[in-house]
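Chemist: To be precise about what I am sending: the file is called query03.pdb and holds PDB, C-alpha atoms.
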ATOM      1  CA  MET A 318    -190.675  77.693 -52.440
ATOM      2  CA  THR A 319    -192.282  80.860 -53.780
ATOM      3  CA  ARG A 320    -195.930  81.246 -52.772
ATOM      4  CA  ILE A 321    -198.355  83.287 -54.876
ATOM      5  CA  ALA A 322    -201.967  83.996 -53.906
ATOM      6  CA  VAL A 323    -204.505  84.205 -56.729
ATOM      7  CA  ILE A 324    -207.609  86.256 -55.918
ATOM      8  CA  ALA A 325    -210.497  85.571 -58.288
ATOM      9  CA  THR A 326    -213.048  88.342 -58.876
ATOM     10  CA  GLY A 327    -214.724  87.141 -62.077
ATOM     11  CA  GLY A 328    -214.502  88.750 -65.490
ATOM     12  CA  THR A 329    -214.163  87.199 -68.941
ATOM     13  CA  ILE A 330    -211.336  84.946 -67.781
ATOM     14  CA  ALA A 331    -213.872  83.254 -65.476
ATOM     15  CA  SER A 332    -216.805  83.412 -67.888
ATOM     16  CA  THR A 333    -218.685  80.847 -69.926
ATOM     17  CA  ALA A 334    -221.275  81.175 -72.657
ATOM     18  CA  THR A 335    -224.930  81.001 -71.557
ATOM     19  CA  GLU A 336    -228.240  81.650 -73.288
ATOM     20  CA  GLY A 337    -228.188  85.123 -71.795
ATOM     21  CA  GLY A 338    -224.678  85.932 -72.973
ATOM     22  CA  VAL A 339    -221.193  85.405 -71.593
ATOM     23  CA  VAL A 340    -221.346  85.391 -67.781
ATOM     24  CA  ALA A 341    -218.734  85.056 -65.034
ATOM     25  CA  THR A 342    -219.285  81.657 -63.393
ATOM     26  CA  ARG A 343    -215.943  79.919 -62.763
ATOM     27  CA  THR A 344    -214.018  79.666 -59.497
ATOM     28  CA  ALA A 345    -210.321  80.386 -59.087
ATOM     29  CA  ALA A 346    -209.568  76.673 -59.011
ATOM     30  CA  ALA A 347    -211.438  76.195 -62.293
ATOM     31  CA  VAL A 348    -209.568  79.086 -63.903
ATOM     32  CA  LEU A 349    -206.265  77.577 -62.771
ATOM     33  CA  GLU A 350    -207.167  74.005 -63.741
ATOM     34  CA  GLY A 351    -204.355  72.307 -65.607
ATOM     35  CA  ALA A 352    -201.877  75.146 -65.126
ATOM     36  CA  VAL A 353    -198.349  74.239 -64.083
ATOM     37  CA  PHE A 354    -196.080  76.830 -62.470
ATOM     38  CA  GLY A 355    -192.945  74.820 -61.748
ATOM     39  CA  ASP A 356    -191.597  75.526 -58.274
ATOM     40  CA  ILE A 357    -194.190  78.255 -57.615
ATOM     41  CA  GLU A 358    -196.864  77.283 -55.101
ATOM     42  CA  VAL A 359    -200.256  78.833 -55.878
ATOM     43  CA  GLU A 360    -203.115  79.256 -53.432
ATOM     44  CA  THR A 361    -206.573  80.406 -54.515
ATOM     45  CA  HIS A 362    -209.114  82.791 -53.006
ATOM     46  CA  ASP A 363    -212.625  83.221 -54.432
ATOM     47  CA  LEU A 364    -213.572  86.771 -53.482
ATOM     48  CA  MET A 365    -216.371  87.449 -55.979
ATOM     49  CA  THR A 366    -217.542  86.261 -59.387
ATOM     50  CA  VAL A 367    -218.833  89.237 -61.343
ATOM     51  CA  GLY A 368    -218.294  90.997 -64.629
ATOM     52  CA  SER A 369    -216.214  94.074 -63.890
ATOM     53  CA  TYR A 370    -218.798  96.272 -65.631
ATOM     54  CA  ARG A 371    -221.014  95.571 -62.588
ATOM     55  CA  MET A 372    -218.440  96.641 -60.022
ATOM     56  CA  THR A 373    -219.020  99.473 -57.559
ATOM     57  CA  LEU A 374    -216.567 101.336 -55.349
ATOM     58  CA  GLY A 375    -217.559  98.857 -52.664
ATOM     59  CA  HIS A 376    -216.299  95.973 -54.791
ATOM     60  CA  LEU A 377    -213.005  97.782 -55.317
ATOM     61  CA  ARG A 378    -212.608  98.304 -51.577
ATOM     62  CA  LEU A 379    -213.256  94.612 -50.903
ATOM     63  CA  ILE A 380    -210.466  93.712 -53.315
ATOM     64  CA  SER A 381    -208.177  96.191 -51.565
ATOM     65  CA  ASP A 382    -209.085  94.674 -48.188
ATOM     66  CA  GLU A 383    -208.336  91.161 -49.447
ATOM     67  CA  VAL A 384    -204.952  92.208 -50.797
ATOM     68  CA  ASP A 385    -204.073  93.944 -47.547
ATOM     69  CA  GLY A 386    -205.096  90.929 -45.483
ATOM     70  CA  LEU A 387    -202.952  88.556 -47.525
ATOM     71  CA  LEU A 388    -199.918  90.826 -47.415
ATOM     72  CA  ARG A 389    -200.231  91.140 -43.634
ATOM     73  CA  ARG A 390    -200.620  87.393 -43.069
ATOM     74  CA  SER A 391    -197.820  86.152 -40.833
ATOM     75  CA  HIS A 392    -198.370  82.396 -41.233
ATOM     76  CA  ASP A 393    -197.450  81.046 -44.677
ATOM     77  CA  PRO A 394    -196.664  84.520 -46.011
ATOM     78  CA  VAL A 395    -197.137  85.142 -49.719
ATOM     79  CA  ASP A 396    -194.430  86.431 -52.060
ATOM     80  CA  GLY A 397    -196.839  88.103 -54.428
ATOM     81  CA  ILE A 398    -200.503  88.384 -55.413
ATOM     82  CA  VAL A 399    -202.350  87.882 -58.701
ATOM     83  CA  ILE A 400    -205.892  89.170 -59.199
ATOM     84  CA  THR A 401    -208.024  87.792 -62.022
ATOM     85  CA  HIS A 402    -210.350  90.593 -63.051
ATOM     86  CA  GLY A 403    -212.658  91.722 -65.830
ATOM     87  CA  THR A 404    -210.986  93.967 -68.379
ATOM     88  CA  ASP A 405    -213.732  96.612 -68.539
ATOM     89  CA  THR A 406    -212.771  98.315 -65.272
ATOM     90  CA  MET A 407    -209.397  96.731 -64.527
ATOM     91  CA  GLU A 408    -207.753 100.140 -64.821
ATOM     92  CA  GLU A 409    -209.870 101.503 -61.968
ATOM     93  CA  THR A 410    -209.108  98.654 -59.574
ATOM     94  CA  ALA A 411    -205.432  98.759 -60.529
ATOM     95  CA  ILE A 412    -205.025 102.441 -59.708
ATOM     96  CA  LEU A 413    -206.841 102.140 -56.387
ATOM     97  CA  LEU A 414    -204.555  99.291 -55.349
ATOM     98  CA  ASP A 415    -201.457 101.129 -56.542
ATOM     99  CA  LEU A 416    -202.342 104.373 -54.772
ATOM    100  CA  VAL A 417    -202.389 102.584 -51.405
ATOM    101  CA  HIS A 418    -199.750  99.881 -52.005
ATOM    102  CA  ASP A 419    -196.987 100.164 -49.393
ATOM    103  CA  ASP A 420    -195.302  96.775 -49.782
ATOM    104  CA  GLU A 421    -192.365  95.600 -51.895
ATOM    105  CA  ARG A 422    -194.219  92.490 -53.029
ATOM    106  CA  PRO A 423    -195.862  92.644 -56.457
ATOM    107  CA  VAL A 424    -199.623  92.789 -56.942
ATOM    108  CA  VAL A 425    -200.541  91.812 -60.507
ATOM    109  CA  LEU A 426    -203.888  92.096 -62.279
ATOM    110  CA  THR A 427    -204.747  90.080 -65.348
ATOM    111  CA  GLY A 428    -207.744  88.793 -67.254
ATOM    112  CA  ALA A 429    -208.825  87.771 -70.716
ATOM    113  CA  GLN A 430    -210.518  89.052 -73.826
ATOM    114  CA  ARG A 431    -211.982  85.650 -74.687
ATOM    115  CA  ALA A 432    -214.249  83.625 -72.432
ATOM    116  CA  GLY A 433    -212.892  80.847 -70.260
ATOM    117  CA  ASP A 434    -214.594  78.177 -72.366
ATOM    118  CA  ALA A 435    -213.289  79.515 -75.686
ATOM    119  CA  ARG A 436    -211.075  77.069 -77.589
ATOM    120  CA  ASP A 437    -208.524  79.767 -78.354
ATOM    121  CA  GLY A 438    -208.829  81.644 -75.068
ATOM    122  CA  ASP A 439    -206.080  84.026 -73.974
ATOM    123  CA  GLY A 440    -206.761  83.599 -70.257
ATOM    124  CA  PRO A 441    -204.384  80.690 -69.527
ATOM    125  CA  ARG A 442    -201.366  82.451 -71.031
ATOM    126  CA  ASN A 443    -202.169  85.742 -69.296
ATOM    127  CA  LEU A 444    -202.639  83.992 -65.965
ATOM    128  CA  ALA A 445    -199.392  82.042 -66.275
ATOM    129  CA  ASP A 446    -197.533  85.248 -67.177
ATOM    130  CA  ALA A 447    -199.108  87.062 -64.224
ATOM    131  CA  VAL A 448    -198.061  84.354 -61.746
ATOM    132  CA  LEU A 449    -194.504  84.419 -63.105
ATOM    133  CA  THR A 450    -194.451  88.204 -62.784
ATOM    134  CA  ALA A 451    -195.761  88.154 -59.219
ATOM    135  CA  ALA A 452    -193.072  85.608 -58.332
ATOM    136  CA  SER A 453    -190.217  87.454 -60.039
ATOM    137  CA  PRO A 454    -187.665  89.179 -57.773
ATOM    138  CA  GLN A 455    -187.264  91.764 -60.549
ATOM    139  CA  CYS A 456    -190.811  92.975 -59.941
ATOM    140  CA  ARG A 457    -190.432  93.721 -56.254
ATOM    141  CA  GLY A 458    -190.854  97.412 -55.585
ATOM    142  CA  LEU A 459    -192.636  98.122 -58.865
ATOM    143  CA  GLY A 460    -196.039  98.553 -57.239
ATOM    144  CA  VAL A 461    -199.218  97.247 -58.810
ATOM    145  CA  LEU A 462    -198.916  95.883 -62.338
ATOM    146  CA  ILE A 463    -201.174  94.765 -65.175
ATOM    147  CA  VAL A 464    -199.919  91.785 -67.168
ATOM    148  CA  PHE A 465    -201.608  91.229 -70.490
ATOM    149  CA  ALA A 466    -200.561  89.757 -73.841
ATOM    150  CA  GLY A 467    -196.948  89.378 -72.757
ATOM    151  CA  ARG A 468    -196.549  92.941 -71.527
ATOM    152  CA  VAL A 469    -195.914  94.086 -67.968
ATOM    153  CA  LEU A 470    -197.594  97.458 -67.485
ATOM    154  CA  PRO A 471    -197.675  99.871 -64.543
ATOM    155  CA  ALA A 472    -201.076 100.452 -62.978
ATOM    156  CA  ARG A 473    -200.647 104.197 -63.334
ATOM    157  CA  ALA A 474    -201.987 105.504 -66.665
ATOM    158  CA  THR A 475    -202.637 102.027 -68.081
ATOM    159  CA  ARG A 476    -206.032 101.706 -69.693
ATOM    160  CA  LYS A 477    -208.010  99.475 -72.000
ATOM    161  CA  VAL A 478    -207.552 100.821 -75.516
ATOM    162  CA  HIS A 479    -209.311  98.181 -77.642
ATOM    163  CA  THR A 480    -212.610  96.395 -77.090
ATOM    164  CA  THR A 481    -211.647  93.000 -78.549
ATOM    165  CA  ALA A 482    -207.925  92.845 -79.386
ATOM    166  CA  LEU A 483    -205.875  90.450 -77.284
ATOM    167  CA  ASP A 484    -203.318  93.187 -76.535
ATOM    168  CA  ALA A 485    -206.029  95.442 -75.183
ATOM    169  CA  PHE A 486    -204.033  97.422 -72.603
ATOM    170  CA  ARG A 487    -201.512 100.201 -72.980
ATOM    171  CA  SER A 488    -199.927 102.778 -70.704
ATOM    172  CA  THR A 489    -200.728 106.211 -72.077
ATOM    173  CA  ALA A 490    -197.948 107.868 -70.090
ATOM    174  CA  CYS A 491    -194.800 105.783 -69.839
ATOM    175  CA  GLY A 492    -195.173 102.529 -71.774
ATOM    176  CA  ALA A 493    -194.537  98.991 -70.559
ATOM    177  CA  VAL A 494    -192.057  98.290 -67.779
ATOM    178  CA  GLY A 495    -191.260  94.813 -69.063
ATOM    179  CA  THR A 496    -192.296  91.670 -70.895
ATOM    180  CA  VAL A 497    -192.986  87.990 -70.304
ATOM    181  CA  ALA A 498    -191.810  85.617 -73.013
ATOM    182  CA  ASP A 499    -191.100  81.882 -72.974
ATOM    183  CA  GLY A 500    -191.518  81.773 -69.209
ATOM    184  CA  THR A 501    -189.041  84.586 -68.562
ATOM    185  CA  VAL A 502    -189.898  87.939 -67.021
ATOM    186  CA  THR A 503    -187.772  90.865 -68.194
ATOM    187  CA  VAL A 504    -187.998  94.281 -66.556
ATOM    188  CA  ASP A 505    -186.719  97.228 -68.578
ATOM    189  CA  ALA A 506    -187.924 100.202 -66.544
ATOM    190  CA  VAL A 507    -188.975 101.169 -63.036
ATOM    191  CA  PRO A 508    -192.175 103.215 -62.884
ATOM    192  CA  ARG A 509    -192.154 106.368 -60.779
ATOM    193  CA  ARG A 510    -194.797 106.148 -58.072
ATOM    194  CA  PRO A 511    -195.969 108.733 -55.554
ATOM    195  CA  ARG A 512    -195.940 107.963 -51.856
ATOM    196  CA  PRO A 513    -198.829 105.640 -50.865
ATOM    197  CA  ILE A 514    -201.914 107.193 -49.321
ATOM    198  CA  PRO A 515    -204.248 105.659 -46.714
ATOM    199  CA  ARG A 516    -206.318 102.664 -47.754
ATOM    200  CA  PRO A 517    -210.049 103.077 -48.440
ATOM    201  CA  THR A 518    -212.501 102.812 -45.576
ATOM    202  CA  ALA A 519    -216.215 102.058 -45.763
ATOM    203  CA  ALA A 520    -216.770 105.777 -46.493
ATOM    204  CA  PHE A 521    -215.199 105.212 -49.930
ATOM    205  CA  ASP A 522    -218.091 102.981 -51.000
ATOM    206  CA  ASP A 523    -220.591 105.829 -51.120
ATOM    207  CA  THR A 524    -218.358 108.719 -52.146
ATOM    208  CA  ARG A 525    -219.935 109.879 -55.364
ATOM    209  CA  VAL A 526    -217.606 111.322 -58.003
ATOM    210  CA  ASP A 527    -219.081 111.770 -61.468
ATOM    211  CA  LEU A 528    -217.135 111.688 -64.719
ATOM    212  CA  LEU A 529    -218.557 114.115 -67.279
ATOM    213  CA  GLU A 530    -217.210 114.169 -70.826
ATOM    214  CA  MET A 531    -217.396 117.356 -72.863
ATOM    215  CA  TYR A 532    -218.863 117.390 -76.383
ATOM    216  CA  PRO A 533    -220.288 119.908 -78.872
ATOM    217  CA  GLY A 534    -223.377 121.429 -77.285
ATOM    218  CA  ALA A 535    -222.559 120.349 -73.720
ATOM    219  CA  ASP A 536    -224.364 122.450 -71.139
ATOM    220  CA  ASP A 537    -224.788 122.638 -67.366
ATOM    221  CA  VAL A 538    -227.589 120.044 -67.086
ATOM    222  CA  LEU A 539    -225.381 117.058 -66.200
ATOM    223  CA  ILE A 540    -223.305 119.156 -63.820
ATOM    224  CA  ALA A 541    -226.441 120.232 -61.973
ATOM    225  CA  ALA A 542    -227.709 116.645 -61.965
ATOM    226  CA  ALA A 543    -224.432 115.396 -60.451
ATOM    227  CA  VAL A 544    -224.582 118.002 -57.690
ATOM    228  CA  SER A 545    -228.257 117.251 -57.045
ATOM    229  CA  ALA A 546    -227.447 113.528 -56.778
ATOM    230  CA  GLY A 547    -224.913 114.246 -54.026
ATOM    231  CA  ALA A 548    -221.631 114.260 -55.925
ATOM    232  CA  ARG A 549    -218.623 115.088 -53.765
ATOM    233  CA  GLY A 550    -216.533 115.560 -56.871
ATOM    234  CA  ILE A 551    -216.711 115.975 -60.638
ATOM    235  CA  VAL A 552    -214.029 115.044 -63.167
ATOM    236  CA  LEU A 553    -214.473 117.045 -66.346
ATOM    237  CA  ALA A 554    -213.051 115.157 -69.322
ATOM    238  CA  GLY A 555    -212.553 118.168 -71.553
ATOM    239  CA  THR A 556    -212.067 118.218 -75.283
ATOM    240  CA  GLY A 557    -208.507 118.491 -76.584
ATOM    241  CA  ILE A 558    -206.000 119.895 -74.133
ATOM    242  CA  GLY A 559    -208.788 120.400 -71.582
ATOM    243  CA  ASN A 560    -211.568 122.611 -72.897
ATOM    244  CA  ALA A 561    -215.282 123.112 -72.310
ATOM    245  CA  ASN A 562    -217.485 126.090 -73.278
ATOM    246  CA  PRO A 563    -218.818 129.276 -71.626
ATOM    247  CA  VAL A 564    -221.943 127.597 -70.213
ATOM    248  CA  VAL A 565    -219.914 124.876 -68.527
ATOM    249  CA  VAL A 566    -217.355 127.385 -67.252
ATOM    250  CA  THR A 567    -220.102 129.413 -65.596
ATOM    251  CA  ALA A 568    -221.561 126.324 -63.939
ATOM    252  CA  VAL A 569    -218.171 125.148 -62.703
ATOM    253  CA  ARG A 570    -217.217 128.607 -61.435
ATOM    254  CA  GLY A 571    -220.191 128.405 -59.113
ATOM    255  CA  LEU A 572    -218.877 125.158 -57.595
ATOM    256  CA  VAL A 573    -215.318 126.282 -56.852
ATOM    257  CA  GLY A 574    -214.970 126.779 -53.122
ATOM    258  CA  THR A 575    -218.037 124.696 -52.269
ATOM    259  CA  ASP A 576    -218.094 121.150 -50.923
ATOM    260  CA  VAL A 577    -217.948 119.790 -54.494
ATOM    261  CA  ALA A 578    -214.447 119.381 -55.934
ATOM    262  CA  VAL A 579    -214.010 119.826 -59.703
ATOM    263  CA  VAL A 580    -210.896 118.623 -61.525
ATOM    264  CA  LEU A 581    -210.099 119.050 -65.225
ATOM    265  CA  SER A 582    -208.932 116.084 -67.309
ATOM    266  CA  THR A 583    -209.261 115.295 -71.014
ATOM    267  CA  ARG A 584    -211.121 112.812 -73.156
ATOM    268  CA  VAL A 585    -207.980 112.458 -75.332
ATOM    269  CA  PRO A 586    -205.910 109.328 -74.562
ATOM    270  CA  GLU A 587    -202.490 111.003 -74.439
ATOM    271  CA  GLY A 588    -200.964 114.389 -73.734
ATOM    272  CA  PRO A 589    -201.041 117.063 -71.030
ATOM    273  CA  VAL A 590    -204.019 118.999 -69.705
ATOM    274  CA  GLN A 591    -203.368 122.753 -69.698
ATOM    275  CA  GLY A 592    -205.256 126.000 -69.547
ATOM    276  CA  VAL A 593    -204.422 127.335 -72.992
ATOM    277  CA  TYR A 594    -207.650 128.418 -74.670
ATOM    278  CA  GLY A 595    -210.023 131.160 -73.571
ATOM    279  CA  ASP A 596    -213.640 131.854 -74.507
ATOM    280  CA  GLY A 597    -214.887 128.799 -72.597
ATOM    281  CA  GLY A 598    -211.681 126.801 -72.848
ATOM    282  CA  GLY A 599    -209.279 125.475 -70.277
ATOM    283  CA  ALA A 600    -207.750 128.890 -69.529
ATOM    284  CA  ASP A 601    -211.126 130.026 -68.216
ATOM    285  CA  LEU A 602    -211.550 126.881 -66.115
ATOM    286  CA  VAL A 603    -208.087 127.309 -64.599
ATOM    287  CA  ALA A 604    -208.780 131.000 -63.942
ATOM    288  CA  ALA A 605    -211.956 129.933 -62.136
ATOM    289  CA  GLY A 606    -209.852 127.808 -59.790
ATOM    290  CA  VAL A 607    -210.165 124.326 -61.337
ATOM    291  CA  PRO A 608    -206.962 122.231 -61.037
ATOM    292  CA  THR A 609    -205.756 120.296 -64.073
ATOM    293  CA  ALA A 610    -204.554 116.674 -63.958
ATOM    294  CA  SER A 611    -202.342 115.189 -66.670
ATOM    295  CA  GLY A 612    -200.747 112.034 -65.281
ATOM    296  CA  LEU A 613    -203.844 109.844 -64.981
ATOM    297  CA  PRO A 614    -206.645 109.178 -67.469
ATOM    298  CA  ALA A 615    -210.037 110.481 -66.399
ATOM    299  CA  THR A 616    -211.211 107.011 -65.342
ATOM    300  CA  GLN A 617    -208.324 106.642 -62.893
ATOM    301  CA  LEU A 618    -208.466 110.263 -61.788
ATOM    302  CA  ARG A 619    -212.054 109.652 -60.672
ATOM    303  CA  ILE A 620    -210.884 106.828 -58.362
ATOM    304  CA  LEU A 621    -208.150 108.990 -56.852
ATOM    305  CA  LEU A 622    -210.574 111.838 -56.232
ATOM    306  CA  ALA A 623    -213.166 109.530 -54.666
ATOM    307  CA  LEU A 624    -210.544 107.956 -52.407
ATOM    308  CA  TRP A 625    -209.275 111.334 -51.236
ATOM    309  CA  LEU A 626    -212.709 112.920 -50.793
ATOM    310  CA  SER A 627    -213.910 109.928 -48.770
ATOM    311  CA  GLU A 628    -211.698 111.182 -45.929
ATOM    312  CA  ASN A 629    -211.150 114.883 -46.745
ATOM    313  CA  LYS A 630    -213.083 118.047 -47.464
ATOM    314  CA  ALA A 631    -213.062 119.620 -50.910
ATOM    315  CA  GLU A 632    -210.805 122.516 -49.946
ATOM    316  CA  PRO A 633    -209.433 123.937 -53.232
ATOM    317  CA  ASP A 634    -205.801 124.320 -52.158
ATOM    318  CA  ARG A 635    -205.655 120.818 -50.655
ATOM    319  CA  VAL A 636    -207.330 119.286 -53.718
ATOM    320  CA  ARG A 637    -204.802 121.036 -55.946
ATOM    321  CA  SER A 638    -201.915 119.788 -53.798
ATOM    322  CA  MET A 639    -203.281 116.240 -53.821
ATOM    323  CA  ILE A 640    -203.654 116.277 -57.603
ATOM    324  CA  ALA A 641    -200.099 117.555 -58.022
ATOM    325  CA  ALA A 642    -198.734 114.832 -55.744
ATOM    326  CA  HIS A 643    -200.728 111.844 -56.973
ATOM    327  CA  ALA A 644    -202.193 112.500 -60.428
ATOM    328  CA  ASP A 645    -199.348 114.210 -62.255
ATOM    329  CA  ILE A 646    -196.144 112.390 -63.112
ATOM    330  CA  ALA A 647    -193.506 114.887 -62.068
ATOM    331  CA  GLU A 648    -190.390 115.199 -59.960
ATOM    332  CA  GLU A 649    -192.620 116.253 -57.061
ATOM    333  CA  ASP A 650    -194.445 112.923 -57.028
ATOM    334  CA  ASN A 651    -193.203 112.009 -53.575
ATOM    335  CA  LYS A 652    -194.395 115.143 -51.818
ATOM    336  CA  GLU A 653    -197.126 114.830 -49.220
ATOM    337  CA  GLU A 654    -200.249 116.877 -49.648
TER     338      GLU A 654
END
Transcribe the structure of this file into C-alpha cells.
Modeler:
Amino acid sequence: MTRIAVIATGGTIASTATEGGVVATRTAAAVLEGAVFGDIEVETHDLMTVGSYRMTLGHLRLISDEVDGLLRRSHDPVDGIVITHGTDTMEETAILLDLVHDDERPVVLTGAQRAGDARDGDGPRNLADAVLTAASPQCRGLGVLIVFAGRVLPARATRKVHTTALDAFRSTACGAVGTVADGTVTVDAVPRRPRPIPRPTAAFDDTRVDLLEMYPGADDVLIAAAVSAGARGIVLAGTGIGNANPVVVTAVRGLVGTDVAVVLSTRVPEGPVQGVYGDGGGADLVAAGVPTASGLPATQLRILLALWLSENKAEPDRVRSMIAAHADIAEEDNKEE
C-alpha cells in the first residue's frame, strides 16, 4: 500500500472564521476529515498552525527539517509527502524545499483560497489532488510541486498571481507539468532542475536578505536602511527588464565587493532580466558588477540568496556563479558553483 505523509502548517485550508478574522486553527486530522483516498494510506503530522503571512525563515527551515526527517525514516517509509500551507508565501517554501530536494519521491504543497469552514471551500479538492500526485509514480523525480485547482506546477518560478481566484498559482517560466482530473494524474512535462544544494542550517534563520522594489522616485534610503539593519544580501526588483536610476546605481556600486551581495531581478512577472538600458538602467548595474537573475521571481530569488549566504561569503564571482547555476533556467543548470 502506498503511504503518504501529510504535514500541516496552517494557512487558509486550516482556517475558520473568528471575530478577529479568518485564522488558522485546524489540525491535519481535521483538514483530512471525511477524505477517502482509496488504497493510499495517509499519516498526519501537525508541525505548526499559522497563516503563511506570519512565517519567518525559521519556519521554512522547520518545514525543510520535517520533510528531510520523513524521507530518511527507515521504518514505515513514506512514498511521498504533502504539505498543507498558506498561499501567501507558498512559493517561498516551495523553492527552498526544491533547492535542497535530493530524493526521487514527490513533495507536494497545496492549500486553499477559501477557509476550511466555507461551504464551497476548495481545500478538500486541492488536498485530494495533492495526495494523488504525491502517490503517483509519474511524479517521481519531478522535485517539489505545487498542486492547485487541478494543475500540477513545478516549485521553480511558480507564484501566486491572483489574490482570490481559485486558480491562484501559475508558473511564470515553464507552465504546468501536468494536471489532476477525475482522480487521474497526468504528467505532460519534466521540469529542468539544478543540482540540489545543502539543506538550511540554523544560520539560515537569521540571514537577512531584503527585497527592494524599484519605482519612480526611488532613492538610496531603503538600501542604506537594509545595510544598517544587517542585510547580508539585497534583491533589487527593477522596473521593466531590470532598471533602476542613477541614485540607486551609485548606492549599489558602493556595495559591490563588500560583504553585502546585490542581485538584480525584476518586478515584472515574466521575461528575462538584462542590462540593456544606460543612464541609471540595468546596463549600469551590470557594469557595476551586479549579477542578473531571470529564472526565478524576486520572491524566490530572495530565498535562494539567503540560503546560499547563510553558509557562504558574498564574494562577487561566487555569487554570480551560484545565480547562474540555480536561478537561471539554462543548459548549465547542473553545474556546481
Chemist: List every protein, DNA or RNA residue that has at least one atom no more than 12 Å from (-209.3, 119.8, -45.7) in the file's coordinates, counting all atoms listed in the file, and write the result as a list in words.
Modeler: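 I get Gly574, Thr575, Asp576, Ala578, Trp625, Leu626, Ser627, Glu628, Asn629, Lys630, Ala631, Glu632, Pro633, Asp634, Arg635, Val636, Arg637, Ser638, Met639 and Glu654 of chain A for the residues within 12 Å of that point.
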Chemist: Which residues, named as in the file, does the PyMOL selection byres ((chain A and resi 447) around 12) pick out? Answer as a ChimeraX atom specification.
Modeler: /A:321-324,349,354,359,397-402,423-429,440-446,448-453,456,461-470,496-498,500-502
Chemist: May I have the residues within 8 Å of Glu358 of chain A as a JSON list (two decimals) with C-alpha atoms, keeping the file's coordinate frame, using only C-alpha atoms and disregarding those fewer than 6 positions away in the same chain?
Modeler:
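Once written, part00.json looks like this:
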[["chain", "number", "residue", "atom", "x", "y", "z"],
["A", 318, "MET", "CA", -190.68, 77.69, -52.44],
["A", 319, "THR", "CA", -192.28, 80.86, -53.78],
["A", 320, "ARG", "CA", -195.93, 81.25, -52.77],
["A", 321, "ILE", "CA", -198.36, 83.29, -54.88]]
Chemist: If you measure from atom CA of Ala482 of chain A to atom CA of Ile380 of chain A, what distance in Å do you get, rounded to one decimal?
Modeler: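 Taking atom CA of Ala482 of chain A as the start and atom CA of Ile380 of chain A as the end point, the length is 26.2 Å.
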Chemist: Would you work out the distance separating atom CA of Val538 of chain A from atom CA of Met372 of chain A, expressed in Å to one decimal?
Modeler: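 Value for the atom CA of Val538 of chain A-atom CA of Met372 of chain A distance: 26.1 Å.
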Chemist: Excluding Thr524 of chain A and residues on its chain fewer than 3 positions from it, collect all residues at most 7 Å away from it, counting all atoms listed in the file, and give them as a list in words.
Modeler: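 Here the qualifying residues turn out to be Ala520, Phe521, Arg549, Ala623 and Ser627 of chain A.
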Chemist: Just the residues within 7 Å of Gly433 of chain A, please, counting all atoms listed in the file, with nothing from its chain fewer than 4 positions along; format it as a PDB file with C-alpha atoms, keeping the file's coordinate frame.
Modeler:
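So out-v6.pdb came out as:
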ATOM      1  CA  THR A 329    -214.163  87.199 -68.941  1.00  0.00           C
ATOM      2  CA  ILE A 330    -211.336  84.946 -67.781  1.00  0.00           C
ATOM      3  CA  ALA A 331    -213.872  83.254 -65.476  1.00  0.00           C
ATOM      4  CA  SER A 332    -216.805  83.412 -67.888  1.00  0.00           C
ATOM      5  CA  THR A 333    -218.685  80.847 -69.926  1.00  0.00           C
ATOM      6  CA  GLY A 438    -208.829  81.644 -75.068  1.00  0.00           C
ATOM      7  CA  GLY A 440    -206.761  83.599 -70.257  1.00  0.00           C
TER       8      GLY A 440
END
Chemist: Residues near His418 of chain A, anyone? I mean within 9 Å using only C-alpha atoms, not counting same-chain ones fewer than 4 positions away, as a PDB file with C-alpha atoms, in the coordinates of the input.
Modeler:
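As written to disk, around_34.pdb reads:
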ATOM      1  CA  ASP A 385    -204.073  93.944 -47.547  1.00  0.00           C
ATOM      2  CA  LEU A 413    -206.841 102.140 -56.387  1.00  0.00           C
ATOM      3  CA  LEU A 414    -204.555  99.291 -55.349  1.00  0.00           C
ATOM      4  CA  VAL A 424    -199.623  92.789 -56.942  1.00  0.00           C
ATOM      5  CA  GLY A 460    -196.039  98.553 -57.239  1.00  0.00           C
ATOM      6  CA  VAL A 461    -199.218  97.247 -58.810  1.00  0.00           C
ATOM      7  CA  ARG A 512    -195.940 107.963 -51.856  1.00  0.00           C
ATOM      8  CA  PRO A 513    -198.829 105.640 -50.865  1.00  0.00           C
ATOM      9  CA  ILE A 514    -201.914 107.193 -49.321  1.00  0.00           C
ATOM     10  CA  ARG A 516    -206.318 102.664 -47.754  1.00  0.00           C
TER      11      ARG A 516
END
Chemist: For the structure shown, which residues end up in the PyMOL selection byres ((chain A and resi 604) around 12)? Put them as JSON, numbers by chain, please?
Modeler: {"A": [566, 567, 569, 570, 573, 591, 592, 593, 594, 595, 596, 597, 598, 599, 600, 601, 602, 603, 605, 606, 607, 608, 609]}
Chemist: Got a sec to resolve the PyMOL selection byres ((chain A and resi 473) around 7) on this structure and send the residues as a ChimeraX atom specification?
Modeler: /A:412,471-472,474-475,613
Chemist: Interatomic distance between atom CA of Thr326 of chain A and atom CA of Leu364 of chain A?
Modeler: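 Going from atom CA of Thr326 of chain A over to atom CA of Leu364 of chain A covers 5.6 Å.
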Chemist: Return the single residue from A:Thr480, A:Gln455, A:Thr342, A:Ser381 that is closest to Ala506 of chain A, with distances computed using all atoms listed in the file.
Modeler: A:Gln455
Chemist: Counting all atoms listed in the file, figure out which residue out of A:Arg431, A:Gly368, A:Thr373, A:Asp415 gets nearest to Ala485 of chain A.
Modeler: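 Closest residue, counting all atoms listed in the file: A:Arg431.
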Chemist: Just want the 7 Å neighbourhood of Ile558 of chain A, counted on all atoms listed in the file, with same-chain residues fewer than 5 positions away dropped. Output as a list in words.
Modeler: Thr583, Pro589, Val590 and Gln591 of chain A
Chemist: Step by step, gather every atom of segment 328-343 of chain A that the file lists, find the box along x, y and z that holds them, add 5 Å on each side, and finally give centre and edge lengths in Å to one decimal, as lines of an AutoDock Vina configuration file.
Modeler:
center_x = -219.8
center_y = 84.3
center_z = -68.0
size_x = 26.9
size_y = 18.8
size_z = 20.5
Chemist: Which residue gives the smallest distance to Thr518 of chain A among A:Glu336, A:Leu624, A:Asp484, A:Leu388, with all atoms listed in the file counted?
Modeler: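 Distance minimum relative to Thr518 of chain A lands on A:Leu624.
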